[in-house]
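Shown below: input-v2.tsv, with TSV, C-alpha atoms.
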chain	number	residue	atom	x	y	z
A	13	MET	CA	47.15	-0.66	10.53
A	14	PHE	CA	44.37	-2.29	8.48
A	15	ARG	CA	42.11	-5.02	9.79
A	16	SER	CA	39.84	-7.30	7.79
A	17	TYR	CA	36.29	-6.19	7.04
A	18	SER	CA	34.95	-9.61	8.04
A	19	VAL	CA	35.41	-12.56	10.34
A	20	GLN	CA	34.66	-16.24	9.72
A	21	LEU	CA	32.93	-18.41	12.29
A	22	LYS	CA	33.42	-22.17	12.40
A	23	ASN	CA	30.29	-23.24	14.19
A	24	PRO	CA	28.03	-22.25	12.53
A	25	ALA	CA	30.12	-21.90	9.36
A	26	VAL	CA	29.26	-18.32	8.38
A	27	THR	CA	31.01	-15.07	7.64
A	28	VAL	CA	29.95	-11.76	9.16
A	29	GLY	CA	31.32	-8.41	8.13
A	30	VAL	CA	31.08	-4.67	7.48
A	31	ALA	CA	30.62	-3.13	4.03
A	32	SER	CA	30.07	0.19	2.28
A	33	SER	CA	26.39	0.95	2.25
A	34	ARG	CA	24.09	1.52	-0.71
A	35	LEU	CA	22.31	4.14	1.42
A	36	PRO	CA	24.29	7.39	2.00
A	37	GLY	CA	25.08	8.18	5.60
A	38	SER	CA	24.94	4.58	6.83
A	39	LEU	CA	26.97	1.39	7.07
A	40	GLU	CA	26.06	-2.11	5.98
A	41	VAL	CA	26.62	-5.32	7.89
A	42	TYR	CA	26.08	-8.77	6.47
A	43	VAL	CA	25.93	-12.47	7.26
A	44	ASN	CA	26.88	-14.98	4.60
A	45	GLY	CA	27.18	-18.76	4.48
A	46	SER	CA	25.86	-21.92	2.87
A	47	LYS	CA	23.87	-22.89	5.95
A	48	PRO	CA	21.30	-20.66	7.70
A	49	ALA	CA	22.62	-18.80	10.71
A	50	GLU	CA	20.72	-16.32	12.84
A	51	LEU	CA	22.37	-12.94	13.28
A	52	LEU	CA	20.66	-11.58	16.39
A	53	ARG	CA	22.41	-8.33	17.21
A	54	VAL	CA	25.22	-5.98	16.17
A	55	ILE	CA	26.93	-3.51	18.52
A	56	ILE	CA	29.30	-0.77	17.36
A	57	ASP	CA	31.65	0.95	19.81
A	58	GLY	CA	34.97	2.74	19.53
A	59	THR	CA	37.90	4.37	21.26
A	60	ASN	CA	39.77	7.58	20.56
A	61	PRO	CA	43.58	7.88	20.46
A	62	THR	CA	43.73	8.03	24.27
A	63	GLY	CA	41.88	4.73	24.58
A	64	GLN	CA	38.72	6.31	25.97
A	65	GLN	CA	35.20	5.56	24.71
A	66	ALA	CA	34.65	7.82	21.70
A	67	PHE	CA	30.85	7.70	21.43
A	68	PRO	CA	27.93	5.91	23.09
A	69	PRO	CA	27.73	2.32	21.75
A	70	LEU	CA	25.26	1.70	18.94
A	71	SER	CA	23.03	-1.34	19.36
A	72	TYR	CA	20.97	-3.01	16.61
A	73	THR	CA	18.71	-5.97	17.44
A	74	PHE	CA	17.19	-7.68	14.41
A	75	SER	CA	13.46	-8.34	14.70
A	76	PRO	CA	13.28	-11.12	13.74
A	77	SER	CA	16.86	-12.29	13.29
A	78	LEU	CA	18.63	-12.44	9.93
A	79	ALA	CA	18.25	-16.16	9.26
A	80	LYS	CA	19.67	-16.31	5.72
A	81	PRO	CA	22.51	-14.67	3.78
A	82	ALA	CA	21.60	-10.98	3.87
A	83	ALA	CA	22.94	-7.45	4.06
A	84	VAL	CA	21.25	-4.56	5.87
A	85	ALA	CA	21.92	-0.84	6.25
A	86	LEU	CA	22.32	0.57	9.76
A	87	GLU	CA	21.15	3.93	11.07
A	88	LEU	CA	24.07	5.86	12.61
A	89	SER	CA	23.92	8.24	15.54
A	90	LEU	CA	25.00	11.87	15.24
A	91	ALA	CA	27.74	11.25	17.80
A	92	PHE	CA	29.18	8.43	15.69
A	93	LYS	CA	29.06	10.51	12.49
A	94	ASP	CA	30.77	13.37	14.32
A	95	PHE	CA	33.48	10.93	15.43
A	96	LEU	CA	34.04	9.89	11.80
A	97	VAL	CA	33.60	13.04	9.70
A	98	GLY	CA	32.24	15.82	11.92
A	99	ARG	CA	33.78	18.89	13.46
A	100	HIS	CA	35.21	16.78	16.27
A	101	ARG	CA	36.32	13.87	14.08
A	102	ALA	CA	39.08	11.67	15.39
A	103	GLU	CA	42.34	11.48	13.42
A	104	SER	CA	42.98	8.03	14.81
A	105	GLY	CA	41.36	5.43	16.99
A	106	LEU	CA	39.61	2.09	16.63
A	107	VAL	CA	36.04	1.03	15.96
A	108	ARG	CA	34.78	-2.41	16.90
A	109	VAL	CA	31.74	-4.03	15.29
A	110	GLN	CA	30.50	-6.98	17.36
A	111	PHE	CA	28.29	-9.68	15.82
A	112	PHE	CA	26.11	-11.92	17.95
A	113	VAL	CA	25.18	-15.08	16.05
A	114	GLU	CA	22.98	-17.82	17.52
A	115	GLY	CA	25.12	-20.74	18.72
A	116	ALA	CA	28.45	-18.91	18.49
A	117	GLN	CA	30.63	-16.70	20.62
A	118	ALA	CA	30.51	-12.98	19.86
A	119	ALA	CA	32.73	-12.17	16.88
A	120	SER	CA	34.29	-8.79	16.24
A	121	VAL	CA	35.58	-6.80	13.29
A	122	LEU	CA	38.13	-4.22	14.45
A	123	LEU	CA	38.92	-1.32	12.11
A	124	PRO	CA	41.01	1.85	12.39
A	125	VAL	CA	39.09	5.09	12.02
A	126	ASP	CA	40.62	6.03	8.65
A	127	GLU	CA	39.56	2.71	7.14
A	128	LEU	CA	36.04	2.98	8.53
A	129	ILE	CA	35.77	6.47	7.03
A	130	ARG	CA	36.56	4.96	3.62
A	131	ILE	CA	33.76	2.44	4.16
A	132	TYR	CA	31.37	5.16	5.33
A	133	ARG	CA	32.11	7.25	2.23
A	134	GLY	CA	31.36	4.32	-0.05
A	135	LYS	CA	34.97	3.58	-1.00
A	136	GLY	CA	35.23	0.28	0.83
A	137	LYS	CA	34.27	-3.23	-0.20
A	138	LYS	CA	30.66	-4.10	-0.91
A	139	ALA	CA	28.83	-6.99	0.75
A	140	PRO	CA	29.10	-10.34	-1.09
A	141	GLU	CA	26.49	-10.87	-3.81
A	142	ALA	CA	25.23	-13.95	-2.00
A	143	ALA	CA	24.30	-11.75	0.97
A	144	ALA	CA	21.29	-10.23	-0.78
A	145	TYR	CA	20.42	-6.61	0.02
A	146	ASP	CA	16.66	-6.03	0.13
A	147	GLY	CA	16.69	-2.33	0.97
A	148	ILE	CA	16.28	-3.03	4.69
A	149	PHE	CA	17.22	-0.11	6.96
A	150	VAL	CA	17.66	-1.00	10.63
A	151	THR	CA	17.18	1.74	13.19
A	152	LEU	CA	18.99	2.06	16.50
A	153	ASP	CA	17.61	0.06	19.42
A	154	SER	CA	15.57	1.80	22.04
A	155	ALA	CA	17.12	1.73	25.51
A	156	GLU	CA	14.65	-1.00	26.47
A	157	VAL	CA	15.56	-3.27	23.56
A	158	ALA	CA	19.30	-2.62	23.87
A	159	ALA	CA	19.09	-3.78	27.52
A	160	LEU	CA	17.70	-7.21	26.58
A	161	PRO	CA	20.29	-9.93	27.22
A	162	VAL	CA	21.65	-11.70	24.15
A	163	MET	CA	20.54	-15.07	25.55
A	164	SER	CA	16.88	-13.94	25.28
A	165	LEU	CA	17.02	-12.76	21.67
A	166	LYS	CA	16.61	-16.16	19.98
A	167	ALA	CA	13.30	-16.84	21.74
A	168	ARG	CA	12.16	-13.27	20.98
A	169	SER	CA	13.05	-13.70	17.33
A	170	ASP	CA	11.23	-17.04	17.09
A	171	GLN	CA	8.10	-15.47	18.59
A	172	GLN	CA	8.21	-12.54	16.17
A	173	ARG	CA	8.73	-14.84	13.20
A	174	ALA	CA	5.76	-16.97	14.29
A	175	GLU	CA	3.60	-13.83	14.67
A	176	LEU	CA	4.54	-12.64	11.18
A	177	ALA	CA	3.76	-16.08	9.72
A	178	GLU	CA	0.37	-16.10	11.45
A	179	LYS	CA	-0.40	-12.58	10.22
A	180	LYS	CA	0.46	-13.64	6.66
A	181	ARG	CA	-1.69	-16.76	6.97
A	182	LEU	CA	-4.68	-14.77	8.20
A	183	ALA	CA	-4.25	-12.21	5.41
A	184	GLU	CA	-4.17	-14.98	2.81
A	185	GLU	CA	-7.26	-16.60	4.31
A	186	GLU	CA	-9.09	-13.26	4.28
A	187	ALA	CA	-8.13	-12.63	0.66
A	188	LYS	CA	-9.30	-16.15	-0.26
A	189	LYS	CA	-12.58	-15.61	1.59
A	190	LYS	CA	-13.24	-12.32	-0.19
A	191	GLU	CA	-12.52	-13.90	-3.55
A	192	GLN	CA	-14.93	-16.73	-2.78
A	193	GLU	CA	-17.59	-14.19	-1.76
A	194	ARG	CA	-17.01	-12.25	-4.96
A	195	LEU	CA	-17.36	-15.36	-7.11
A	196	ALA	CA	-20.46	-16.42	-5.17
A	197	ALA	CA	-22.04	-13.00	-5.72
A	198	LEU	CA	-21.32	-13.14	-9.43
A	199	THR	CA	-22.71	-16.67	-9.64
A	200	LYS	CA	-25.89	-15.65	-7.81
A	201	ALA	CA	-26.35	-12.59	-10.05
A	202	ALA	CA	-25.97	-14.78	-13.13
A	203	GLU	CA	-28.43	-17.34	-11.72
A	204	ASP	CA	-30.96	-14.62	-10.87
A	205	LYS	CA	-30.75	-13.24	-14.42
A	206	ALA	CA	-31.11	-16.69	-15.92
A	207	LYS	CA	-34.08	-17.43	-13.67
A	208	ALA	CA	-35.81	-14.19	-14.60
A	209	ALA	CA	-35.15	-14.78	-18.29
A	210	SER	CA	-36.63	-18.29	-18.09
A	211	GLY	CA	-39.82	-17.06	-16.43
A	212	GLY	CA	-38.94	-18.00	-12.88
A	213	GLY	CA	-39.28	-15.40	-10.12
A	214	ALA	CA	-39.92	-11.80	-11.03
A	215	PRO	CA	-40.23	-11.10	-14.73
A	216	ALA	CA	-37.13	-9.66	-16.37
A	217	VAL	CA	-37.26	-5.95	-17.12
A	218	VAL	CA	-37.17	-5.38	-20.87
A	219	VAL	CA	-35.62	-2.03	-21.77
A	220	ASP	CA	-36.38	-0.47	-25.14
A	221	LYS	CA	-32.97	0.86	-26.16
A	222	THR	CA	-34.39	2.81	-29.08
A	223	LYS	CA	-35.90	5.49	-26.88
A	224	ALA	CA	-35.33	7.16	-23.53
A	225	SER	CA	-37.18	5.77	-20.53
A	226	ILE	CA	-37.12	9.17	-18.80
A	227	THR	CA	-38.30	12.36	-20.47
A	228	SER	CA	-37.57	15.03	-17.89
A	229	GLY	CA	-35.56	15.79	-14.76
A	230	ARG	CA	-32.45	17.78	-13.95
A	231	THR	CA	-30.34	15.05	-12.28
A	232	LEU	CA	-30.08	11.32	-12.98
A	233	LEU	CA	-28.24	8.90	-10.66
A	234	VAL	CA	-27.24	5.61	-12.35
A	235	TYR	CA	-25.40	2.72	-10.70
A	236	GLY	CA	-24.45	-0.91	-11.20
A	237	SER	CA	-24.51	-3.29	-8.24
A	238	SER	CA	-23.81	-7.01	-7.91
A	239	THR	CA	-23.96	-7.45	-4.13
A	240	GLY	CA	-26.18	-4.53	-3.12
A	241	ASN	CA	-23.43	-2.34	-1.62
A	242	THR	CA	-23.45	0.16	-4.49
A	243	THR	CA	-27.25	0.24	-4.38
A	244	GLU	CA	-27.06	1.16	-0.71
A	245	VAL	CA	-24.60	4.00	-1.35
A	246	ALA	CA	-26.78	5.27	-4.21
A	247	ASN	CA	-29.75	5.40	-1.85
A	248	MET	CA	-27.64	7.23	0.75
A	249	ILE	CA	-26.74	9.87	-1.84
A	250	LYS	CA	-30.37	10.19	-2.91
A	251	ALA	CA	-31.44	10.61	0.74
A	252	GLU	CA	-28.82	13.30	1.25
A	253	LEU	CA	-29.52	15.26	-1.94
A	254	GLY	CA	-33.29	14.74	-1.76
A	255	ALA	CA	-35.33	16.46	-4.48
A	256	ASP	CA	-32.14	17.54	-6.28
A	257	VAL	CA	-31.96	13.99	-7.67
A	258	ASP	CA	-34.93	13.27	-9.95
A	259	HIS	CA	-34.19	9.66	-10.92
A	260	VAL	CA	-32.25	6.80	-9.29
A	261	LYS	CA	-31.79	3.94	-11.75
A	262	ASN	CA	-29.90	0.66	-12.00
A	263	ILE	CA	-27.93	0.59	-15.25
A	264	THR	CA	-29.90	-2.53	-16.22
A	265	ASP	CA	-33.15	-0.52	-16.22
A	266	ILE	CA	-32.30	2.35	-18.55
A	267	SER	CA	-31.65	3.06	-22.21
A	268	PRO	CA	-28.38	4.66	-23.40
A	269	LEU	CA	-30.55	7.55	-24.62
A	270	ASP	CA	-31.53	8.36	-21.01
A	271	PHE	CA	-28.13	9.97	-20.47
A	272	GLY	CA	-29.07	12.70	-22.95
A	273	VAL	CA	-32.10	13.87	-20.96
A	274	PRO	CA	-30.84	15.43	-17.67
A	275	GLU	CA	-28.36	18.25	-17.15
A	276	ASN	CA	-26.43	16.36	-14.46
A	277	ILE	CA	-25.49	12.69	-14.10
A	278	ILE	CA	-24.18	10.87	-11.03
A	279	LEU	CA	-22.57	7.51	-11.78
A	280	GLY	CA	-21.93	4.69	-9.31
A	281	VAL	CA	-19.62	1.76	-10.05
A	282	PRO	CA	-17.88	-0.89	-7.92
A	283	THR	CA	-14.53	-2.32	-8.99
A	284	TRP	CA	-14.36	-6.11	-9.09
A	285	HIS	CA	-11.32	-8.33	-8.63
A	286	ILE	CA	-8.21	-6.98	-10.40
A	287	GLY	CA	-9.55	-3.65	-11.65
A	288	GLU	CA	-12.55	-5.11	-13.51
A	289	MET	CA	-15.72	-3.23	-14.42
A	290	GLN	CA	-18.90	-4.39	-12.66
A	291	ASP	CA	-20.70	-6.84	-14.98
A	292	ASP	CA	-23.91	-4.83	-15.57
A	293	TRP	CA	-21.91	-1.74	-16.50
A	294	ALA	CA	-19.65	-3.86	-18.70
A	295	ALA	CA	-22.72	-5.18	-20.56
A	296	ALA	CA	-24.28	-1.71	-20.98
A	297	LEU	CA	-21.26	0.35	-22.06
A	298	PRO	CA	-20.95	-0.98	-25.64
A	299	ASP	CA	-24.51	0.23	-26.39
A	300	PHE	CA	-23.75	3.55	-24.68
A	301	GLU	CA	-20.64	4.05	-26.83
A	302	LYS	CA	-22.56	3.23	-30.04
A	303	ALA	CA	-25.44	5.58	-29.21
A	304	SER	CA	-25.45	8.96	-30.92
A	305	THR	CA	-26.23	10.73	-27.65
A	306	SER	CA	-24.02	13.77	-27.01
A	307	LEU	CA	-23.25	14.78	-23.42
A	308	ALA	CA	-21.74	18.14	-24.35
A	309	GLY	CA	-22.56	20.73	-21.70
A	310	LYS	CA	-23.56	18.11	-19.13
A	311	LYS	CA	-21.82	17.56	-15.81
A	312	ILE	CA	-21.03	14.15	-14.34
A	313	ALA	CA	-19.92	13.07	-10.89
A	314	VAL	CA	-18.87	9.53	-10.04
A	315	PHE	CA	-18.68	7.42	-6.91
A	316	GLY	CA	-16.91	4.10	-6.70
A	317	LEU	CA	-16.63	1.16	-4.31
A	318	GLY	CA	-13.41	-0.80	-3.80
A	319	ASP	CA	-11.41	-2.97	-1.41
A	320	GLY	CA	-8.18	-1.22	-0.43
A	321	LYS	CA	-6.65	-4.23	1.31
A	322	GLY	CA	-7.85	-7.09	-0.86
A	323	TYR	CA	-7.05	-5.32	-4.14
A	324	ALA	CA	-4.65	-2.55	-3.14
A	325	ASP	CA	-2.93	-2.31	-6.55
A	326	THR	CA	-6.12	-1.82	-8.61
A	327	TYR	CA	-8.12	0.25	-6.16
A	328	VAL	CA	-11.37	1.60	-7.70
A	329	ASP	CA	-9.84	1.38	-11.20
A	330	ALA	CA	-13.29	0.94	-12.80
A	331	MET	CA	-14.06	4.60	-11.97
A	332	GLU	CA	-11.39	5.72	-14.42
A	333	GLU	CA	-12.68	3.50	-17.23
A	334	LEU	CA	-16.22	4.79	-16.74
A	335	VAL	CA	-15.23	8.47	-16.57
A	336	VAL	CA	-13.16	8.25	-19.77
A	337	LYS	CA	-16.10	6.86	-21.74
A	338	PHE	CA	-18.43	9.64	-20.55
A	339	GLU	CA	-15.84	12.36	-21.17
A	340	LYS	CA	-15.45	11.12	-24.75
A	341	LYS	CA	-19.15	11.95	-25.17
A	342	GLY	CA	-18.47	15.53	-24.04
A	343	ALA	CA	-19.36	15.38	-20.33
A	344	LYS	CA	-17.47	17.51	-17.82
A	345	LEU	CA	-16.30	15.78	-14.63
A	346	VAL	CA	-16.82	17.42	-11.23
A	347	GLY	CA	-16.70	16.14	-7.66
A	348	LEU	CA	-13.04	15.08	-7.36
A	349	TRP	CA	-12.33	13.68	-3.91
A	350	PRO	CA	-9.21	13.68	-1.62
A	351	THR	CA	-7.16	10.47	-1.32
A	352	ASP	CA	-6.29	11.24	2.31
A	353	GLY	CA	-7.42	8.63	4.81
A	354	TYR	CA	-7.57	5.70	2.37
A	355	ASP	CA	-5.35	2.63	2.63
A	356	PHE	CA	-4.26	1.40	-0.82
A	357	LYS	CA	-1.19	1.17	-3.07
A	358	LYS	CA	-2.18	2.08	-6.62
A	359	SER	CA	-5.22	3.41	-8.45
A	360	LYS	CA	-5.91	4.54	-12.02
A	361	ALA	CA	-8.79	6.64	-10.68
A	362	ILE	CA	-6.59	9.56	-9.57
A	363	ARG	CA	-6.31	12.92	-11.32
A	364	ASN	CA	-4.47	15.96	-9.96
A	365	ASN	CA	-3.69	13.95	-6.79
A	366	LYS	CA	-7.40	13.35	-6.13
A	367	PHE	CA	-9.79	10.49	-6.75
A	368	LEU	CA	-12.08	11.02	-9.74
A	369	GLY	CA	-14.98	11.05	-7.29
A	370	LEU	CA	-16.21	9.75	-3.96
A	371	VAL	CA	-14.62	6.45	-2.90
A	372	ILE	CA	-16.40	4.15	-0.46
A	373	ASP	CA	-14.56	1.16	1.06
A	374	VAL	CA	-17.26	-0.94	2.70
A	375	GLU	CA	-14.85	-3.81	3.35
A	376	ASN	CA	-12.35	-1.85	5.43
A	377	GLN	CA	-13.69	1.63	6.28
A	378	ASP	CA	-17.46	1.30	6.46
A	379	ASP	CA	-17.50	3.38	9.63
A	380	LYS	CA	-16.48	6.39	7.50
A	381	SER	CA	-19.02	5.87	4.70
A	382	ASP	CA	-21.83	8.01	6.11
A	383	ALA	CA	-19.60	11.04	6.79
A	384	ARG	CA	-17.95	10.72	3.38
A	385	VAL	CA	-21.31	10.60	1.57
A	386	LYS	CA	-22.53	13.67	3.45
A	387	ALA	CA	-19.34	15.63	2.70
A	388	TRP	CA	-19.35	14.69	-0.99
A	389	CYS	CA	-23.01	15.57	-1.39
A	390	SER	CA	-22.30	18.97	0.17
A	391	GLN	CA	-19.54	19.39	-2.41
A	392	LEU	CA	-21.90	18.38	-5.25
A	393	ARG	CA	-24.43	21.04	-4.29
A	394	SER	CA	-21.98	23.68	-5.48
A	395	GLU	CA	-20.02	21.82	-8.17
A	396	LEU	CA	-22.80	19.78	-9.82
A	397	LEU	CA	-26.10	21.37	-8.82
A	398	GLY	CA	-25.08	24.96	-8.23
Output the file's structure as structure tokens, nothing else.
Amino acid sequence: MFRSYSVQLKNPAVTVGVASSRLPGSLEVYVNGSKPAELLRVIIDGTNPTGQQAFPPLSYTFSPSLAKPAAVALELSLAFKDFLVGRHRAESGLVRVQFFVEGAQAASVLLPVDELIRIYRGKGKKAPEAAAYDGIFVTLDSAEVAALPVMSLKARSDQQRAELAEKKRLAEEEAKKKEQERLAALTKAAEDKAKAASGGGAPAVVVDKTKASITSGRTLLVYGSSTGNTTEVANMIKAELGADVDHVKNITDISPLDFGVPENIILGVPTWHIGEMQDDWAAALPDFEKASTSLAGKKIAVFGLGDGKGYADTYVDAMEELVVKFEKKGAKLVGLWPTDGYDFKKSKAIRNNKFLGLVIDVENQDDKSDARVKAWCSQLRSELLG
């Protein structure tokens, strides 16, 4: 006896059904139709050859509902898998898959065990192409959720969808705000430079790039900062390391030849927008690359600032660009830092599963900055200064 994999509803005009899953050890269910229909819940139960319940019913409540043609994979209980292919598998029996669609009576697909085993093993029909599969895996309901009456699920789904929309809206507003702040900071920095160059405000610092501005010292800390955050972290590092750091300089105030003076160099760089180098560093690096200064035998350590939520795919990427340029001059990198505890997606600044140096996320994890600086400085005492 073979029953259809699917059932068609008239009002609303949709098809619901069971299909072989693209994820091993699961089943897929789908809803398909030209007009949106909300699939709220699916329940799977079955009987053995004697007509008795074969396994505890499996309940899946979609949060929010499936409101467009879609296919999803379902988590299966051990008891259900045992019923199908386990040591106590049934040689016959029936399995019912009930679909609860908003505005329609419950619809069921009834399949014999041998046919459902074919579906479970991936030998059954696939879901229609129109019912797009997005890799969604739906877990079994908790007892509390499974007990919710079907009549309450539409309102619950609407509330969840509204909450998700609001969360997305707030995230977009926050990203827009951060971008506006970034552009404002860049504009102000450009205005301040222009003002200084034209004689307004404090006189611009003129750096003689033909000679070093420092002539002695074991450790030099150099940073670039557009908003002041990197300056603050540089000062925190200086306070922690004390007399072990001889010079703390903004990249705008030094000559490329200064890097050839000390034994050790600590570099600080924030990453702007989509993985971009901070503008003062970007302006200084061409002269650094042209300079004949060799950094062979010198150690460098780097710290970087980034925004793990606003720019999760290019997190602290500028650190990698900076390190590569200094390594090409012969410097040896120390001070790699664990990625544990950071919230981001991708970063070029990772080597051997660690960040290239200390990462500070003022935007999202400022409460951890002080402890991270202290721990990194303790690490530098042995790796850089030891």
Determine the nearest neighbour of Ala197 of chain A from the options A:Ser71, A:Gln117, A:Ser238, A:Gln391, counting only C-alpha atoms. A:Ser238
Contacts of segment 99-110 of chain A at 10 Å or less, counting only C-alpha atoms, minus same-chain residues fewer than 4 places along, as a PyMOL selection string? chain A and resi 17-18+28-30+41+53-66+69-71+91-95+118-128
Can you measure atom CA of Tyr327 of chain A to atom CA of Asp291 of chain A for me? One decimal in Å is fine. 16.9 Å
Using all atoms listed in the file: which of A:Thr231, A:Gln377, A:Thr326, A:Asn247 has the shortest distance to Ile312 of chain A: A:Thr231
Residues at most 12 Å from Val336 of chain A, counting all atoms listed in the file, excluding those fewer than 5 positions away in the same chain, as an NGL selection string? :A and (297 or 301 or 312 or 314 or 329-331 or 341-345 or 360-361 or 363 or 368)
re atom CA of Ala303 of chain A and atom CA of Ile249 of chain A: distance 27.7 Å
As a ChimeraX atom specification, please: the residues near segment 270-276 of chain A (cut-off 10 Å, all atoms listed in the file, same-chain neighbours under 2 positions excluded). /A:221,223-234,257-259,266-268,278,300,304-313,338,343-344,396-397
One number please: atom CA of Asp292 of chain A to atom CA of Glu252 of chain A, in Å, one decimal. 25.2 Å
